[in-house]
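S.K.: Just passing along the structure, written as structure tokens.
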Amino acid sequence: MTAARRILAGAVMAVLAVSTGVPVRGFAIFGSAWPPGTLPVHLQLGSGSGTLVDGSTSWNQAFTSAIDVWNAHLDLLKFSAVQDSTVPREDGDDVNQVFFDSRYYGRAFPADTLAITTRWELVDTSVRTEGDIVFNTAFTFDSYRGPVRSSGGRERWDIRRVALHELGHLLGLDHPDEKGQSVSALMNHLLGDLDALTADDIAGARSLYSAGVTSNVSFPPRNEPNDFYAQLIVIYRDLLRAAAVTTYVDPEGVVVWLSEYARYRVGLCDHGTATIRVFSQIDNTGVYGVCALTPAGPIPFPPRDEGLDFMNGLDVKYHDGLGRSAMTSFVNNEGAVVWVLEYFRYRLNGCTHGDATAKVLAQIRGEGIQPVCL
Ligand SMILES: [Zn+2]
């Protein structure tokens with residue numbers, strides 16, 4: 001670990017700033033990351049004096065809760081809290097310490113700086129080798145959720161949200177607002193009333209540490225399944241004379257999310273994993289890899305009941321999660337999931353858009369499952 005350089009990973013500023021929820025994805029990364037595995041973090045914050053507002057009985061406990069939050073979103077890397085660690089506090093020792101100090105390794109904190117995370121990384125490979133988190137004793141801390149509190153005309157900063165921010169630096173995240181981004185993110189350089197990670201923060205970490213492999217299956221360009229679905233609606237209305245049904249998912253939503261669900265499933269993700277990943281994508285946490293490469297040969301598709309379960313969940317997601325209003329369709333959830341997945345099954349097994357559409361229509365007319373085009 002000789003060829004390392006030390007970089008100040010950025011501080012979080014103690015300036016009140018309320019984030020505005022601009023729905024643009026824009027996390028920023030340093031360019032270095034940890035190798036996969038377990039990352040010990042030596043907690044040396046001490047016990048403090050008495051119970052904190054959120055019930056934590058020590059600074060280390062409050063910090064550990066921030067570690068737990070991040071760990072839930074990471075696959076390839078997990079923080080491991082070393083409680084009440086007594087390792088020496090050294091800079092450049094390849095050990096990650098967390099502690100309070102009035103200076104960080106002899107240097108003065110920049111003005112208004114609550115905490116600092118150091119950054120050591122190998123120059124040639126951009127592998128991160130160390131990050132110490134130093135909380136500035138010039139500030140008063142507590143642990144609580146909600147708007148920033150103060151007492152006696154002095155702010156009492158929530159150590160957990162500062163910890164979430166600094167752990168983001170430890171992972172390799174930079175300040176998006178200092179990289180030309182305008183997003184709601186705890187990783188923005190100003191700390192304020194935002195007390196939790198946002199989808200953008202999670203997407204940034206997942207871009208560095210999410211498990212999964214790139215799918216080896218090509219899905220058709222989006223306009224083709226959209227065209228298929230438009231034809232399906234007409235068939236349901238005019239040929240099957242289907243009654244109108246209420247749905248919360250617009251036709252494009254049906255096609256794009258069933259396509260993603262199918263991508264995870266043919267990438268050997270189970271039903272639950274595929275559903276979680278699609279719903280996270282809807283929340284803007286970014287695209288996930290699939291679970292494994294698709295084996296050669298005819299590509300199998302998930303059973304109808306699982307597809308329908310996904311589709312019903314998507315309806316709830318659009319209604320309760322996205323607040324979409326009801327709309328009318330002629331294709332019910334079961335019809336949507338069955339025939340869109342059939343269309344994709346034909347497409348992924350060698351059929352053109354026209355062939356796949358014709359084969360699904362034949363099935364709807366009762367002519368049975370058609371051969372694929374391999
Ligand atoms: Zn920062």
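By convention in this document, the chains of the structure tokens carry letters A, B, ... by their order, each chain's residues are numbered from 1, and ligands are numbered from 1 in the order they are shown.
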Find the residues near Trp339 of chain A: any atom within 10 Å, counting only C-alpha atoms, skip ones fewer than 6 places away on the same chain, and give them as a list of chain:residue names.

M.R.: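 Listing them by chain and then by number gives A:Phe228, A:Tyr229, A:Leu232, A:Arg304, A:Val331, A:Arg345, A:Thr357, A:Val360, A:Leu361, A:Gln363, A:Ile364.
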
S.K.: Hey, what's within 9 Å of segment 164-166 of chain A if we count only C-alpha atoms and toss same-chain stuff fewer than 2 positions away? As a PDB file with N, CA and C atoms, in the first residue's frame, please?

M.R.:
ATOM      1  N   ALA A   9     -11.660  14.154   1.378  1.00  0.00           N
ATOM      2  CA  ALA A   9     -12.838  13.683   0.654  1.00  0.00           C
ATOM      3  C   ALA A   9     -14.014  14.624   0.748  1.00  0.00           C
ATOM      4  N   GLY A  10     -13.792  15.781   1.238  1.00  0.00           N
ATOM      5  CA  GLY A  10     -14.913  16.714   1.269  1.00  0.00           C
ATOM      6  C   GLY A  10     -15.581  16.723   2.618  1.00  0.00           C
ATOM      7  N   ALA A  11     -16.022  17.844   2.990  1.00  0.00           N
ATOM      8  CA  ALA A  11     -16.631  18.020   4.301  1.00  0.00           C
ATOM      9  C   ALA A  11     -18.103  18.290   4.125  1.00  0.00           C
ATOM     10  N   VAL A  12     -18.861  18.047   5.164  1.00  0.00           N
ATOM     11  CA  VAL A  12     -20.262  18.434   5.118  1.00  0.00           C
ATOM     12  C   VAL A  12     -20.394  19.727   5.908  1.00  0.00           C
ATOM     13  N   PHE A  63     -24.114   6.025  15.333  1.00  0.00           N
ATOM     14  CA  PHE A  63     -23.352   5.868  14.096  1.00  0.00           C
ATOM     15  C   PHE A  63     -23.632   4.506  13.466  1.00  0.00           C
ATOM     16  N   ALA A  66     -26.533   4.301  11.215  1.00  0.00           N
ATOM     17  CA  ALA A  66     -26.275   4.801   9.855  1.00  0.00           C
ATOM     18  C   ALA A  66     -25.595   3.729   9.007  1.00  0.00           C
ATOM     19  N   ILE A  67     -24.709   2.970   9.617  1.00  0.00           N
ATOM     20  CA  ILE A  67     -24.070   1.850   8.916  1.00  0.00           C
ATOM     21  C   ILE A  67     -25.120   0.848   8.462  1.00  0.00           C
ATOM     22  N   VAL A  69     -28.223   1.369   7.774  1.00  0.00           N
ATOM     23  CA  VAL A  69     -29.006   1.926   6.664  1.00  0.00           C
ATOM     24  C   VAL A  69     -28.280   1.690   5.341  1.00  0.00           C
ATOM     25  N   TRP A  70     -27.003   2.029   5.294  1.00  0.00           N
ATOM     26  CA  TRP A  70     -26.251   1.848   4.050  1.00  0.00           C
ATOM     27  C   TRP A  70     -26.147   0.368   3.673  1.00  0.00           C
ATOM     28  N   ALA A 115     -17.883  17.589   9.812  1.00  0.00           N
ATOM     29  CA  ALA A 115     -17.102  16.356   9.836  1.00  0.00           C
ATOM     30  C   ALA A 115     -16.327  16.235   8.531  1.00  0.00           C
ATOM     31  N   ILE A 116     -15.323  15.412   8.581  1.00  0.00           N
ATOM     32  CA  ILE A 116     -14.492  15.213   7.393  1.00  0.00           C
ATOM     33  C   ILE A 116     -14.204  13.726   7.235  1.00  0.00           C
ATOM     34  N   THR A 117     -14.177  13.277   5.998  1.00  0.00           N
ATOM     35  CA  THR A 117     -13.769  11.905   5.711  1.00  0.00           C
ATOM     36  C   THR A 117     -12.495  11.964   4.871  1.00  0.00           C
ATOM     37  N   ILE A 133     -13.176   9.036   9.504  1.00  0.00           N
ATOM     38  CA  ILE A 133     -14.229  10.039   9.655  1.00  0.00           C
ATOM     39  C   ILE A 133     -14.012  10.767  10.977  1.00  0.00           C
ATOM     40  N   ILE A 159     -26.280  13.534  14.516  1.00  0.00           N
ATOM     41  CA  ILE A 159     -25.058  12.833  14.126  1.00  0.00           C
ATOM     42  C   ILE A 159     -25.345  11.739  13.104  1.00  0.00           C
ATOM     43  N   ARG A 160     -26.576  11.188  13.117  1.00  0.00           N
ATOM     44  CA  ARG A 160     -26.834  10.087  12.184  1.00  0.00           C
ATOM     45  C   ARG A 160     -26.844  10.566  10.739  1.00  0.00           C
ATOM     46  N   ARG A 161     -27.458  11.718  10.472  1.00  0.00           N
ATOM     47  CA  ARG A 161     -27.474  12.170   9.066  1.00  0.00           C
ATOM     48  C   ARG A 161     -26.084  12.613   8.623  1.00  0.00           C
ATOM     49  N   VAL A 162     -25.304  13.146   9.569  1.00  0.00           N
ATOM     50  CA  VAL A 162     -23.912  13.458   9.219  1.00  0.00           C
ATOM     51  C   VAL A 162     -23.147  12.160   8.928  1.00  0.00           C
ATOM     52  N   GLY A 168     -21.194   7.918   2.969  1.00  0.00           N
ATOM     53  CA  GLY A 168     -21.282   8.035   1.518  1.00  0.00           C
ATOM     54  C   GLY A 168     -19.923   8.386   0.917  1.00  0.00           C
ATOM     55  N   HIS A 169     -19.210   9.311   1.573  1.00  0.00           N
ATOM     56  CA  HIS A 169     -17.843   9.624   1.125  1.00  0.00           C
ATOM     57  C   HIS A 169     -16.940   8.407   1.271  1.00  0.00           C
ATOM     58  N   LEU A 170     -17.126   7.670   2.358  1.00  0.00           N
ATOM     59  CA  LEU A 170     -16.297   6.478   2.559  1.00  0.00           C
ATOM     60  C   LEU A 170     -16.544   5.460   1.440  1.00  0.00           C
ATOM     61  N   LEU A 171     -17.784   5.396   0.960  1.00  0.00           N
ATOM     62  CA  LEU A 171     -18.101   4.490  -0.145  1.00  0.00           C
ATOM     63  C   LEU A 171     -17.492   4.962  -1.461  1.00  0.00           C
ATOM     64  N   LEU A 173     -18.691   8.339  -2.764  1.00  0.00           N
ATOM     65  CA  LEU A 173     -19.605   9.344  -3.336  1.00  0.00           C
ATOM     66  C   LEU A 173     -19.097  10.756  -3.059  1.00  0.00           C
ATOM     67  N   LEU A 186     -28.791  13.489   0.253  1.00  0.00           N
ATOM     68  CA  LEU A 186     -28.075  13.729   1.500  1.00  0.00           C
ATOM     69  C   LEU A 186     -26.584  13.953   1.217  1.00  0.00           C
ATOM     70  N   MET A 187     -26.152  13.567   0.016  1.00  0.00           N
ATOM     71  CA  MET A 187     -24.746  13.770  -0.352  1.00  0.00           C
ATOM     72  C   MET A 187     -24.467  15.185  -0.847  1.00  0.00           C
ATOM     73  N   ASN A 188     -25.486  16.034  -0.980  1.00  0.00           N
ATOM     74  CA  ASN A 188     -25.194  17.438  -1.278  1.00  0.00           C
ATOM     75  C   ASN A 188     -24.346  18.022  -0.153  1.00  0.00           C
ATOM     76  N   HIS A 189     -23.570  19.063  -0.450  1.00  0.00           N
ATOM     77  CA  HIS A 189     -22.548  19.475   0.518  1.00  0.00           C
ATOM     78  C   HIS A 189     -23.098  20.242   1.701  1.00  0.00           C
ATOM     79  N   LEU A 191     -25.750  20.428   4.744  1.00  0.00           N
ATOM     80  CA  LEU A 191     -26.636  19.592   5.538  1.00  0.00           C
ATOM     81  C   LEU A 191     -27.770  20.445   6.095  1.00  0.00           C
ATOM     82  N   ASP A 195     -33.092  14.152   6.439  1.00  0.00           N
ATOM     83  CA  ASP A 195     -32.497  13.296   7.474  1.00  0.00           C
ATOM     84  C   ASP A 195     -32.268  11.868   7.018  1.00  0.00           C
ATOM     85  N   ALA A 196     -32.484  11.582   5.734  1.00  0.00           N
ATOM     86  CA  ALA A 196     -32.363  10.195   5.262  1.00  0.00           C
ATOM     87  C   ALA A 196     -31.769  10.166   3.859  1.00  0.00           C
ATOM     88  N   LEU A 197     -31.279   9.004   3.479  1.00  0.00           N
ATOM     89  CA  LEU A 197     -30.783   8.832   2.124  1.00  0.00           C
ATOM     90  C   LEU A 197     -31.928   9.017   1.133  1.00  0.00           C
TER      91      LEU A 197
END

S.K.: Which of segment 111-292 of chain A end up as strand (DSSP E) when DSSP is run on this backbone - answer as a ChimeraX atom specification?

M.R.: /A:113-122,128-130,133-136,140-142,149-151,154-158,173-174,245-247

S.K.: Write the residues of the preceding selection, restricted to C-alpha atoms, as a CSV table (one decimal), in the first residue's frame.

M.R.:
chain,number,residue,atom,x,y,z
A,113,THR,CA,-17.5,21.9,8.7
A,114,LEU,CA,-19.2,19.3,10.8
A,115,ALA,CA,-17.1,16.4,9.8
A,116,ILE,CA,-14.5,15.2,7.4
A,117,THR,CA,-13.8,11.9,5.7
A,118,THR,CA,-10.2,11.3,4.6
A,119,ARG,CA,-9.5,9.4,1.4
A,120,TRP,CA,-6.5,7.2,0.6
A,121,GLU,CA,-6.5,5.4,-2.7
A,122,LEU,CA,-4.0,3.6,-4.9
A,128,ARG,CA,-9.7,2.9,-2.0
A,129,THR,CA,-7.5,1.9,0.9
A,130,GLU,CA,-8.6,4.1,3.8
A,133,ILE,CA,-14.2,10.0,9.7
A,134,VAL,CA,-13.5,12.9,12.1
A,135,PHE,CA,-16.4,14.8,13.7
A,136,ASN,CA,-15.7,18.4,14.6
A,140,THR,CA,-22.9,20.2,19.3
A,141,PHE,CA,-24.4,16.9,18.3
A,142,ASP,CA,-27.4,14.8,19.2
A,149,ARG,CA,-33.0,21.3,16.3
A,150,SER,CA,-31.4,24.0,18.3
A,151,SER,CA,-31.2,24.9,22.0
A,154,ARG,CA,-27.2,26.9,19.1
A,155,GLU,CA,-27.8,24.1,16.6
A,156,ARG,CA,-27.7,20.5,17.9
A,157,TRP,CA,-26.7,18.5,14.8
A,158,ASP,CA,-28.1,15.1,14.2
A,173,LEU,CA,-19.6,9.3,-3.3
A,174,ASP,CA,-18.9,13.0,-3.9
A,245,VAL,CA,-61.4,-1.9,-16.7
A,246,THR,CA,-59.8,0.6,-14.3
A,247,THR,CA,-56.0,0.7,-14.1

S.K.: Would you kindly return, as an NGL selection string, each protein, DNA or RNA residue with an atom no farther than 7 Å from any atom of segment 289-296 of chain A, considering only C-alpha atoms and excluding same-chain residues fewer than 4 positions away?

M.R.: :A and (211-216 or 264 or 266-269)

S.K.: Could the residues in this selection be saved with C-alpha atoms as a PDB file, in the first residue's frame?

M.R.:
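Below is the file again39.pdb, written as the result:
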ATOM      1  CA  ALA A 211     -24.254  -7.151  -7.516  1.00  0.00           C
ATOM      2  CA  GLY A 212     -25.391  -8.499 -10.799  1.00  0.00           C
ATOM      3  CA  VAL A 213     -24.158  -9.036 -14.288  1.00  0.00           C
ATOM      4  CA  THR A 214     -24.953  -7.362 -17.556  1.00  0.00           C
ATOM      5  CA  SER A 215     -27.738  -9.178 -19.365  1.00  0.00           C
ATOM      6  CA  ASN A 216     -26.650 -11.166 -22.419  1.00  0.00           C
ATOM      7  CA  TYR A 264     -34.480  -9.828 -14.677  1.00  0.00           C
ATOM      8  CA  VAL A 266     -34.610 -14.337 -18.083  1.00  0.00           C
ATOM      9  CA  GLY A 267     -31.459 -13.193 -16.268  1.00  0.00           C
ATOM     10  CA  LEU A 268     -32.322 -15.845 -13.661  1.00  0.00           C
ATOM     11  CA  CYS A 269     -33.567 -13.537 -10.908  1.00  0.00           C
TER      12      CYS A 269
END

S.K.: Which of segment 121-330 of chain A counts as helix (DSSP H, G or I) under DSSP, as a ChimeraX atom specification please?

M.R.: /A:159-171,176-178,199-209,223-239,251-266,271-282,304-321

S.K.: Check the smallest atom-to-atom distance from each of A:Glu260, A:Val87, A:Ala28, A:Phe301 to Lys179 of chain A using only C-alpha atoms, then report the winner.

M.R.: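 Closest residue, counting only C-alpha atoms: A:Ala28.
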
S.K.: Nearest to ligand 1: which of A:Ala108, A:Asn332, A:Ser325, A:His175 is it, counting only C-alpha atoms and all ligand atoms?

M.R.: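 Smallest separation from ligand 1 among the options: A:His175.
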
S.K.: Between A:Asp84, A:Glu178, A:Asp101, A:Asp68, single out the one closest to ligand 1, counting only C-alpha atoms and all ligand atoms.

M.R.: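 Once distances to ligand 1 are computed over only C-alpha atoms and all ligand atoms, the minimum belongs to A:Glu178.
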
S.K.: Please report the interatomic distance between atom CA of Val41 of chain A and atom CA of Ala199 of chain A in Å with one decimal.

M.R.: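 These atoms are spaced 24.2 Å apart.
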
S.K.: Between A:Asn60, A:Gln281, A:Leu167, A:Val372, which residue has the minimum interatomic distance to ligand 1, considering only C-alpha atoms and all ligand atoms?

M.R.: A:Leu167

S.K.: Within 10 Å of Gln370 of chain A, counting only C-alpha atoms, which residues show up once you throw out same-chain ones fewer than 4 positions away? Write them as a list in words, please.

M.R.: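 The residues satisfying every condition are Tyr346, Ala356, Ala358, Lys359, Val360, Ala362 and Gln363 of chain A.
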
S.K.: Write a file of the selected residues as a PDB file, in the first residue's frame, keeping C-alpha atoms.

M.R.:
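Saved result, part_21.pdb, follows:
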ATOM      1  CA  TYR A 346     -41.326 -14.808 -29.231  1.00  0.00           C
ATOM      2  CA  ALA A 356     -44.299 -12.164 -32.808  1.00  0.00           C
ATOM      3  CA  ALA A 358     -49.043 -12.446 -35.515  1.00  0.00           C
ATOM      4  CA  LYS A 359     -48.242 -15.410 -33.264  1.00  0.00           C
ATOM      5  CA  VAL A 360     -49.747 -13.749 -30.204  1.00  0.00           C
ATOM      6  CA  ALA A 362     -53.181 -16.451 -33.283  1.00  0.00           C
ATOM      7  CA  GLN A 363     -53.028 -17.506 -29.642  1.00  0.00           C
TER       8      GLN A 363
END

S.K.: Please list as a list in words every residue within 10 Å of Pro35 of chain A, counting only C-alpha atoms and excluding residues in the same chain fewer than 4 positions away.

M.R.: Leu39, Leu76, Leu77, Val127, Arg128, Thr129, Leu208 and Tyr209 of chain A

S.K.: I need the residues from that last selection saved to file as an mmCIF file, in the first residue's frame (with N, CA and C atoms), if you can.

M.R.:
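Produced file selection-v6.cif, reproduced below:
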data_model
loop_
_atom_site.group_PDB
_atom_site.id
_atom_site.type_symbol
_atom_site.label_atom_id
_atom_site.label_comp_id
_atom_site.auth_asym_id
_atom_site.auth_seq_id
_atom_site.Cartn_x
_atom_site.Cartn_y
_atom_site.Cartn_z
ATOM 1 N N LEU A 39 -15.914 -4.243 5.050
ATOM 2 C CA LEU A 39 -15.068 -3.096 5.369
ATOM 3 C C LEU A 39 -15.198 -2.738 6.858
ATOM 4 N N LEU A 76 -22.171 -5.792 -2.791
ATOM 5 C CA LEU A 76 -20.780 -6.237 -2.911
ATOM 6 C C LEU A 76 -19.902 -5.794 -1.753
ATOM 7 N N LEU A 77 -20.358 -4.816 -0.997
ATOM 8 C CA LEU A 77 -19.556 -4.298 0.112
ATOM 9 C C LEU A 77 -20.474 -4.148 1.325
ATOM 10 N N VAL A 127 -8.064 1.939 -6.319
ATOM 11 C CA VAL A 127 -8.672 1.158 -5.240
ATOM 12 C C VAL A 127 -8.545 1.957 -3.954
ATOM 13 N N ARG A 128 -9.665 2.150 -3.294
ATOM 14 C CA ARG A 128 -9.673 2.881 -2.026
ATOM 15 C C ARG A 128 -9.022 2.026 -0.948
ATOM 16 N N THR A 129 -8.186 2.660 -0.113
ATOM 17 C CA THR A 129 -7.486 1.895 0.915
ATOM 18 C C THR A 129 -7.775 2.385 2.327
ATOM 19 N N LEU A 208 -21.669 1.679 -7.642
ATOM 20 C CA LEU A 208 -20.333 1.199 -7.269
ATOM 21 C C LEU A 208 -20.344 -0.220 -6.713
ATOM 22 N N TYR A 209 -21.434 -0.573 -6.026
ATOM 23 C CA TYR A 209 -21.396 -1.822 -5.251
ATOM 24 C C TYR A 209 -22.594 -2.740 -5.456
#

S.K.: Taking only C-alpha atoms into account, which of A:Thr352, A:Thr51, A:Gln44, A:Thr64 comes nearest Thr86 of chain A?

M.R.: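 Ranking A:Thr352, A:Thr51, A:Gln44, A:Thr64 by distance to Thr86 of chain A, first place goes to A:Gln44.
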
S.K.: Residues within 12 Å of Leu258 of chain A, please, as a short mmCIF file (atom, residue, chain, number, x, y, z; two decimals) with C-alpha atoms, in the first residue's frame. Count only C-alpha atoms; anything in the same chain fewer than 4 positions from it doesn't count.

M.R.:
data_model
loop_
_atom_site.label_atom_id
_atom_site.label_comp_id
_atom_site.auth_asym_id
_atom_site.auth_seq_id
_atom_site.Cartn_x
_atom_site.Cartn_y
_atom_site.Cartn_z
CA PHE A 219 -34.71 -6.85 -25.91
CA ARG A 222 -39.22 0.07 -27.06
CA PRO A 225 -43.56 -3.63 -27.91
CA ASN A 226 -45.40 -0.29 -27.61
CA TYR A 229 -49.55 -3.25 -26.97
CA VAL A 249 -50.59 2.01 -15.16
CA PRO A 251 -49.68 1.57 -21.63
CA GLU A 252 -46.06 2.75 -21.75
CA GLY A 253 -45.66 1.86 -18.09
CA VAL A 254 -47.04 -1.61 -18.76
CA ALA A 262 -38.78 -10.02 -18.00
CA ARG A 263 -35.14 -8.90 -18.31
CA TYR A 264 -34.48 -9.83 -14.68
CA ARG A 265 -36.39 -13.10 -14.96
CA VAL A 266 -34.61 -14.34 -18.08
CA ALA A 274 -37.07 -9.11 -9.99
CA THR A 275 -40.03 -7.32 -8.42
CA VAL A 278 -38.15 -3.05 -10.89
CA PHE A 279 -39.93 -1.19 -8.09
CA PHE A 301 -40.32 -17.23 -19.34
CA PRO A 302 -41.81 -16.97 -15.84
CA GLU A 306 -45.93 -14.73 -10.98
CA GLY A 307 -46.24 -12.29 -13.86
CA LEU A 308 -49.77 -11.46 -12.74
CA ASP A 309 -48.58 -10.96 -9.17
CA PHE A 310 -45.99 -8.49 -10.49
CA MET A 311 -48.58 -6.70 -12.61
CA ASN A 312 -51.03 -6.36 -9.72
CA GLY A 313 -48.20 -4.99 -7.57
CA LEU A 314 -47.32 -2.53 -10.32
CA ASP A 315 -50.89 -1.25 -10.29
CA ASN A 333 -53.88 -6.95 -15.80
CA ALA A 336 -51.52 -7.44 -20.25
CA VAL A 337 -49.05 -9.66 -18.48
CA VAL A 338 -49.87 -12.83 -20.38
CA TRP A 339 -49.71 -11.37 -23.87
CA VAL A 340 -46.88 -8.87 -23.39
CA LEU A 341 -44.70 -11.61 -21.89
CA GLU A 342 -45.71 -13.92 -24.77
CA TYR A 343 -44.72 -11.19 -27.23
CA PHE A 344 -41.32 -10.86 -25.53
CA ARG A 345 -40.90 -14.63 -25.44
#

S.K.: Taking only C-alpha atoms and all ligand atoms into account, which of A:Ser56, A:Ile235, A:Pro176, A:Val95 comes nearest ligand 1?

M.R.: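 Using only C-alpha atoms and all ligand atoms, ligand 1 sits closest to A:Pro176.
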
S.K.: What does the distance between atom CA of Tyr105 of chain A and atom CA of Gly131 of chain A come to in Å, to one decimal place?

M.R.: 12.6 Å
